[in-house]
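S.K.: Sharing a structure here in structure tokens format.
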Amino acid sequence: MAETETSPISQLWTGLGRAFGGALIFGLPMLMTMELWQLGFSVDRLRMALLLLFTMPLLAALARQVGFEKTRNWIEAARDGLIALFIAALASGVILVLFGVITTETPLREIVGKIVIQSAPASIGALLARSQLGGDGGRADDREETYWGELFLMSVGALFLSLNVAPTEEMVLISYVMSPWHGLGLIALSLLLMHGFVYAVSFKGGSELSPDMPWWSGFLRFTLVGYVLGLLLSLTVLWIFGRTEGVGVYQNLMSVVVLGFPAAIGAAAARLIL
Amino acid sequence: MSSNGEGQADSGGNDDEDQTHGGAAPALIEWVLAGVSAVLLFGVIGLFLFEALTNDGGGPVLFVKAEAAEDTGAGFRVPFTVQNTGDMTAAAVVVEATIVPPGQPEERAEATLDYVPAQSETNGGFFFEADPRGLDLQVRVLGYQEP
């Protein structure tokens with residue numbers, strides 16, 4: 001937080017600029033995916049509202065941890081979260097207009113749908129911009145690392161990466177061509193990679209693992225819990241995008257495990273990056 | 001900071017669910033979460049193993065069921081459901097429906113469904129110009145593609 005010698009106003013503009021850039025970096029893969037434009041009009045409105053309602057507290061909590069301004073209380077955090085959401089919506093809107101996806105003939109309902117669905121992941125990017133693009137790379141040092149804080153960061157990472165790939169048709173297609181054995185293999189690989197990440201950061205900057213703890217302690221409390229959190233978030237995301245309707249339990253779980261793979265990587269990497 | 005003394009309630013989150021847990025030893029709640037996660041994960045693994053051992057490797061088994069026709073003003077719509085009771089997902093499923101209105105030639109409608117996943121169902125609809133209500137509506141699955 002060593003922003004010295006600059007006026008608060010220029011600091012704010014720098015922050016907003018970073019947020020815009022972050023929204024684009026994190027949002028572009030989705031903005032250029034056809035399925036997401038379609039989801040803008042096919043997703044159930046109630047679920048879309050839920051996505052927004054779910055995103056806002058998440059952004060506020062994230063702003064507490066890594067915002068484009070140092071936040072002192074929850075009011076400020078909520079404000080920063082809303083700004084991030086607004087900037088994400090603005091960035092998504094501008095890009096979709098330039099891509100010709102939104103035109104003057106697009107019905108308002110569809111415009112709102114398209115922007116809302118793009119804004120959710122883009123707003124995470126807008127908030128993360130601070131830690132991603134900011135010059136001061138010292139985030140990890142001044143953050144309290146509690147168990148719940150770690151789980152929260154893992155969830156954000158999982159949610160972000162799964163939101164990015166969940167809408168594509170390939171997601172479900174992959175799960176259709178996989179056999180149960182493939183699914184079991186993917187679970188094993190997800191856990192292995194995740195634990196690699198968890199282990200890699202376990203001694204960095206005061207996480208809750210210490211060298212004298214047995215390996216399974218970290219595995220059970222971080223890797224396993226983080227992975228299952230990722231699976232639950234994947235299920236939620238698939239449900240929001242209407243991918244679970246009419247699909248049998250086994251086939252749904254296979255999609256969840258497939259989406260859980262990027263979610264696991266996102267969850268594990270979040271602890272390194274954020 | 002090191003592994004001890006974490007979890008103070010100050011900047012981690014002072015008014016919400018961010019609760020403290022003491023000392024170097026993991027709090028009980030952490031083990032409870034780990035236990036719940038283990039149960040859920042073993043549930044998934046168990047189901048996959050069950051599927052792996054009972055899956056006979058057969059192809060998709062597709063049934064199509066038509067529902068009551070509705071007059072949309074722009075033709076008659078007959079919603080239908082294709083159910084796949086097999087162990088394999090079918091892609092590009094083509095379904096056909098025919099009616100023979102009295103005194104007129106047979107009318108045929110066709111629809112293609114992107115996917116009917118294994119042990120799942122997918123909905124679609126046929127359109128007819130003649131009113132299918134009260135007529136004998138024949139529906140059948142013509143074919144599919146392996147995904």
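Ligands are numbered from 1 in the order shown, residues from 1 within each chain, and chains are lettered A, B, ... in the order they appear in the structure tokens.
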So which residues touch Leu62 of chain B within 8 Å, counting only C-alpha atoms, skipping near sequence neighbours fewer than 3 positions away, as a PyMOL selection string?
M.R.: chain B and resi 82-86+141
S.K.: Mind writing the picked residues with N, CA and C atoms as a PDB file, in the first residue's frame?
M.R.:
```
ATOM      1  N   VAL B  82     -37.341 -36.643 -25.423  1.00  0.00           N
ATOM      2  CA  VAL B  82     -36.596 -37.849 -25.765  1.00  0.00           C
ATOM      3  C   VAL B  82     -35.840 -38.290 -24.531  1.00  0.00           C
ATOM      4  N   GLN B  83     -36.063 -39.547 -24.153  1.00  0.00           N
ATOM      5  CA  GLN B  83     -35.426 -40.079 -22.962  1.00  0.00           C
ATOM      6  C   GLN B  83     -34.380 -41.099 -23.377  1.00  0.00           C
ATOM      7  N   ASN B  84     -33.218 -41.011 -22.767  1.00  0.00           N
ATOM      8  CA  ASN B  84     -32.145 -41.959 -23.053  1.00  0.00           C
ATOM      9  C   ASN B  84     -31.909 -42.802 -21.813  1.00  0.00           C
ATOM     10  N   THR B  85     -32.296 -44.068 -21.868  1.00  0.00           N
ATOM     11  CA  THR B  85     -32.105 -44.933 -20.703  1.00  0.00           C
ATOM     12  C   THR B  85     -30.821 -45.743 -20.826  1.00  0.00           C
ATOM     13  N   GLY B  86     -30.077 -45.512 -21.905  1.00  0.00           N
ATOM     14  CA  GLY B  86     -28.828 -46.252 -22.110  1.00  0.00           C
ATOM     15  C   GLY B  86     -27.670 -45.648 -21.344  1.00  0.00           C
ATOM     16  N   VAL B 141     -37.646 -42.174 -33.197  1.00  0.00           N
ATOM     17  CA  VAL B 141     -36.288 -41.674 -33.320  1.00  0.00           C
ATOM     18  C   VAL B 141     -35.683 -42.262 -34.581  1.00  0.00           C
TER      19      VAL B 141
END
```
S.K.: Run DSSP on the backbone and give me the residues of segment 11-210 of chain A it puts in helix (DSSP H, G or I), as JSON, numbers by chain.
M.R.: {"A": [11, 12, 13, 14, 15, 16, 17, 18, 19, 20, 21, 22, 23, 24, 25, 26, 27, 28, 29, 30, 31, 34, 35, 36, 37, 38, 39, 40, 41, 42, 45, 46, 47, 48, 49, 50, 51, 52, 53, 54, 55, 56, 57, 58, 59, 60, 61, 62, 63, 64, 65, 74, 75, 76, 77, 78, 79, 80, 81, 82, 83, 84, 85, 86, 87, 88, 89, 90, 91, 92, 93, 94, 95, 96, 97, 98, 108, 109, 110, 111, 112, 113, 114, 115, 116, 117, 118, 119, 120, 121, 122, 123, 124, 125, 126, 127, 128, 129, 130, 131, 132, 133, 139, 140, 141, 142, 147, 148, 149, 150, 151, 152, 153, 154, 155, 156, 157, 158, 159, 160, 161, 162, 163, 164, 165, 169, 170, 171, 172, 173, 174, 175, 176, 177, 180, 181, 182, 183, 184, 185, 186, 187, 188, 189, 190, 191, 192, 193, 194, 195, 196, 197, 198, 199, 200, 201]}
S.K.: List as number ranges by chain the protein and nucleic acid residues near Thr89 of chain B, meaning an atom at most 6 Å away when only C-alpha atoms are counted, but skip any in the same chain fewer than 4 places from it.
M.R.: A: 176; B: 116-118
S.K.: Residues near Gly100 of chain A, anyone? I mean within 12 Å using only C-alpha atoms, not counting same-chain ones fewer than 6 positions away, as a list of chain:residue names.
M.R.: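 Once the nearby chain positions are removed, what remains is A:Leu31, A:Met32, A:Trp37, A:Gly93, A:Val94, A:Thr106, A:Ile111.
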S.K.: Rounded to one decimal place, report the atom CA of Gly125 of chain B-atom CA of Val78 of chain B distance in Å.
M.R.: 5.4 Å
S.K.: For Ala90 of chain B, find every residue with an atom within 7 Å (counting only C-alpha atoms), except residues of its own chain fewer than 3 positions away, and show them as number ranges by chain.
M.R.: B: 60, 93, 115-117, 144-147
S.K.: Of the residues A:Gly266, A:Gly196, A:Gly183, A:Gly230, which is the one nearest to chain B, using only C-alpha atoms?
M.R.: A:Gly183
S.K.: Considering only C-alpha atoms, state which residue in the set A:Tyr227, A:Arg221, A:Pro180, A:Ile240 is at the smallest distance from Gly46 of chain B.
M.R.: A:Pro180
S.K.: For chain A, which residue among B:Ala109, B:Val36, B:Leu142, B:Val64 is the nearest when counting only C-alpha atoms?
M.R.: B:Val36
